[in-house]
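A quick write-up on the structure given underneath.
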Amino acid sequence: MGAVAKAVEQAAQVPQLSPQAAIKQVLDRYRPVTAKLLAGTGVGEETFSAQIANAVRAVPQLLGCDPATVLGSALKCAQLGLAPNDARNLAWILPYGRVAQFQLGYGGVMELARRALPGIRFDGRAVYPNDEFDVDFGAEHPLTHRPAVVRGMDRGGDAYAWYVRVSYPDGTTQVHVLDRDGVEYHRKFSKQPNGKMWTDSYDAAALKSVVLDMRRWLPASAQLTAAFASDEATIRPHDLDDDDTDTVDVAHVPMAPNAIEVGDVVE
């Protein structure tokens with residue numbers, strides 16, 4: 001019996017414990033596999049354990065999930081070099097019923113793109129009714145956005161558009177915008193259209209939709225491809241053994257209707 005299969009069998013025999021103890025027990029039992037999967041990531045076992053603890057503190061409902069799925073999602077985060085469940089929105093381990101799922105955050109997409117092309121810069125925002133906002137395809141500087149707060153006004157309601165601007169090292173700029181219809185179009189393709197990301201953090205989900213919609217123009221890398229392939233997946237440690245997700249073609253996701261992009265505009 002291989003090391004992974006043996007660890008899976010042993011983990012299945014964990015007795016009834018408190019949720020915290022169950023996670024620790026599974027982490028201990030999977031330690032040989034974990035050490036193998038963490039090799040080369042730059043994430044040590046102590047840091048890895050701390051990341052799991054921080055993720056659970058941020059989302060306590062993870063304590064009710066199958067511990068192996070929490071561990072698997074955490075390993076995927078470590079392999080991608082994205083700390084889960086923090087304010088940077090790099091990646092998330094989220095509960096769905098009795099299992100945890102890995103979710104790529106919009107910050108994670110941007111971070112992986114920066115690694116693929118050093119010097120690339122991103123900024124993006126939600127746009128509210130009382131904001132001053134304009135995208136002009138023919139302008140030298142295509143985007144204008146002055147938030148309502150700097151105009152001494154309240155937001156005026158919920159956001160109606162979301163944008164991301166990419167500045168490339170060669171001086172070109174690309175702006176991509178989705179209105180609410182475009183975001184909802186992307187939501188239909190989500191494996192969890194009514195999941196916590198959409199119900200609790202709509203702006204974050206919308207910005208992620210913008211980044212996903214423009215990903216065909218982002219610099220390609222094996223890490224970015226692997227991250228897209230694992231997004232919204234339930235992962236257990238043995239799923240990552242001899243993982244070949246970086247060969248998955250993720251380019252063929254339909255563009256959202258009403259998407260606006262400004263490509264190769266020199267600032």
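Identifiers in the structure tokens: chain A, B, ... in order shown; residue index from 1 per chain; ligand index from 1 in order shown.
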
Excluding same-chain residues fewer than 6 positions from Tyr168 in chain A, what lies within 7 Å of it counting only C-alpha atoms, as a ChimeraX atom specification? /A:119-121

Can you tell me, as a PyMOL selection string, which residues in range 49-197 of chain A count as strand (DSSP E) by DSSP? chain A and resi 91-96+99-104+121-127+132-135+143-146+161-167+172-179

Here CA of Pro129 in chain A and CA of Leu212 in chain A stand apart by 24.2 Å

Quick one: pick out all helix (DSSP H, G or I) residues within range 17-242 of chain A from a backbone DSSP run and write them as a count of residues only. 110

Quick one: residues within 10 Å of Pro147 in chain A, only C-alpha atoms counted, chain neighbours fewer than 3 positions away excluded, as an NGL selection string? :A and (125-133 or 144 or 150-155)

Could you save the residues just selected, with N, CA and C atoms, as a compact mmCIF listing (two decimals), in the first residue's frame?
# COMPACT_ATOMS: atom_id res chain seq x y z
N ARG A 125 -11.87 48.61 -8.60
CA ARG A 125 -12.83 49.13 -7.62
C ARG A 125 -14.25 48.76 -8.04
N ALA A 126 -15.14 48.83 -7.06
CA ALA A 126 -16.57 48.83 -7.33
C ALA A 126 -17.01 50.27 -7.61
N VAL A 127 -18.03 50.42 -8.45
CA VAL A 127 -18.51 51.75 -8.83
C VAL A 127 -19.95 51.91 -8.33
N TYR A 128 -20.20 53.03 -7.63
CA TYR A 128 -21.51 53.28 -7.02
C TYR A 128 -22.23 54.41 -7.76
N PRO A 129 -23.55 54.51 -7.57
CA PRO A 129 -24.34 55.48 -8.36
C PRO A 129 -23.84 56.92 -8.27
N ASN A 130 -23.34 57.37 -7.12
CA ASN A 130 -22.91 58.76 -6.99
C ASN A 130 -21.43 58.96 -7.29
N ASP A 131 -20.75 57.91 -7.75
CA ASP A 131 -19.37 58.07 -8.19
C ASP A 131 -19.34 58.78 -9.54
N GLU A 132 -18.27 59.51 -9.80
CA GLU A 132 -18.00 60.01 -11.15
C GLU A 132 -17.19 58.94 -11.87
N PHE A 133 -17.75 58.39 -12.93
CA PHE A 133 -17.13 57.23 -13.58
C PHE A 133 -17.29 57.33 -15.09
N THR A 144 -11.76 57.21 -15.82
CA THR A 144 -11.94 58.23 -14.80
C THR A 144 -12.85 57.67 -13.72
N VAL A 150 -15.18 61.22 -1.96
CA VAL A 150 -14.29 62.37 -2.17
C VAL A 150 -15.06 63.55 -2.76
N ARG A 151 -16.30 63.30 -3.16
CA ARG A 151 -17.16 64.37 -3.66
C ARG A 151 -18.12 64.86 -2.58
N GLY A 152 -17.93 64.33 -1.37
CA GLY A 152 -18.77 64.73 -0.25
C GLY A 152 -20.18 64.19 -0.32
N MET A 153 -20.35 63.02 -0.94
CA MET A 153 -21.67 62.43 -1.13
C MET A 153 -21.67 61.01 -0.59
N ASP A 154 -22.87 60.48 -0.33
CA ASP A 154 -22.95 59.06 0.01
C ASP A 154 -22.92 58.25 -1.28
N ARG A 155 -22.85 56.95 -1.16
CA ARG A 155 -22.69 56.10 -2.33
C ARG A 155 -23.89 56.14 -3.26

Give me the residues near Leu82 in chain A as a PyMOL selection string, where near means some atom within 12 Å (using only C-alpha atoms) and where sequence neighbours in that chain fewer than 2 positions away do not count. chain A and resi 41-43+48+51+55+73-80+84-93+102-112+115+223-224+227

With C-alpha atoms retained, write the just-selected residues as an mmCIF file, in the first residue's frame.
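The resulting out_13.cif:
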data_model
loop_
_atom_site.group_PDB
_atom_site.id
_atom_site.type_symbol
_atom_site.label_atom_id
_atom_site.label_comp_id
_atom_site.auth_asym_id
_atom_site.auth_seq_id
_atom_site.Cartn_x
_atom_site.Cartn_y
_atom_site.Cartn_z
ATOM 1 C CA THR A 41 6.794 25.487 -1.889
ATOM 2 C CA GLY A 42 8.810 27.538 0.604
ATOM 3 C CA VAL A 43 6.098 26.885 3.197
ATOM 4 C CA PHE A 48 1.448 25.615 7.162
ATOM 5 C CA GLN A 51 -2.146 29.095 8.039
ATOM 6 C CA ALA A 55 -8.114 30.111 8.189
ATOM 7 C CA SER A 73 -7.506 23.038 0.345
ATOM 8 C CA ALA A 74 -4.763 24.370 2.612
ATOM 9 C CA LEU A 75 -2.190 22.304 0.731
ATOM 10 C CA LYS A 76 -3.394 23.725 -2.584
ATOM 11 C CA CYS A 77 -3.014 27.229 -1.150
ATOM 12 C CA ALA A 78 0.520 26.400 0.014
ATOM 13 C CA GLN A 79 1.469 24.945 -3.370
ATOM 14 C CA LEU A 80 0.303 28.163 -5.025
ATOM 15 C CA PRO A 84 -5.840 31.561 2.731
ATOM 16 C CA ASN A 85 -8.644 33.531 4.371
ATOM 17 C CA ASP A 86 -6.923 36.845 4.982
ATOM 18 C CA ALA A 87 -7.710 40.428 4.009
ATOM 19 C CA ARG A 88 -5.648 40.294 0.809
ATOM 20 C CA ASN A 89 -8.260 38.028 -0.835
ATOM 21 C CA LEU A 90 -5.599 35.730 -2.257
ATOM 22 C CA ALA A 91 -7.424 32.445 -1.698
ATOM 23 C CA TRP A 92 -10.149 31.025 0.504
ATOM 24 C CA ILE A 93 -10.979 27.794 2.236
ATOM 25 C CA PHE A 102 -10.614 25.867 -2.299
ATOM 26 C CA GLN A 103 -11.574 29.198 -3.849
ATOM 27 C CA LEU A 104 -9.217 31.476 -5.716
ATOM 28 C CA GLY A 105 -9.559 35.134 -4.749
ATOM 29 C CA TYR A 106 -9.180 38.013 -7.176
ATOM 30 C CA GLY A 107 -6.079 39.056 -5.245
ATOM 31 C CA GLY A 108 -4.629 35.607 -5.902
ATOM 32 C CA VAL A 109 -5.155 35.919 -9.644
ATOM 33 C CA MET A 110 -3.344 39.242 -9.622
ATOM 34 C CA GLU A 111 -0.525 37.899 -7.435
ATOM 35 C CA LEU A 112 0.062 34.918 -9.736
ATOM 36 C CA ARG A 115 4.872 36.404 -10.628
ATOM 37 C CA GLN A 223 0.642 28.262 -11.483
ATOM 38 C CA LEU A 224 -2.156 30.452 -12.798
ATOM 39 C CA ALA A 227 -5.168 27.801 -9.720
#

Identify which of the residues A:Thr47, A:Leu117, A:Ser18, A:Leu63 lies closest to Ser221 in chain A, counting only C-alpha atoms when measuring atom-to-atom distances.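 Of the candidates, the smallest distance to Ser221 in chain A is held by A:Leu117.
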
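Distances from A:Thr34, A:Ala139, A:Ser201, A:Ala206 to Tyr160 in chain A were compared using only C-alpha atoms, and the smallest one belongs to A:Ala206.
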
Using only C-alpha atoms, find the one residue out of A:Asp231, A:Gln174, A:Pro67, A:Pro219 that sits nearest to Pro118 in chain A.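 Of A:Asp231, A:Gln174, A:Pro67, A:Pro219, the one nearest Pro118 in chain A, counting only C-alpha atoms, is A:Pro219.
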
Between CA of Ala161 in chain A and CA of Arg180 in chain A, what is the distance, to one decimal in Å? 6.0 Å

What separates CA of Gln25 in chain A and CA of Thr69 in chain A is a distance of 13.4 Å

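For the set A:Met214, A:Ala83, A:Ala116, A:Leu207, the residue with the smallest atom-to-atom gap to Ala53 in chain A is A:Ala83, counting only C-alpha atoms.
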
Pick out the closest residue to Arg57 in chain A from this set: A:Ala220, A:Leu94, A:Val210, A:Val177. Count only C-alpha atoms. A:Leu94

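Proximity ranking of A:Pro95, A:Arg236, A:Thr172, A:Ala100 relative to Glu140 in chain A places A:Thr172 first, based on only C-alpha atoms.
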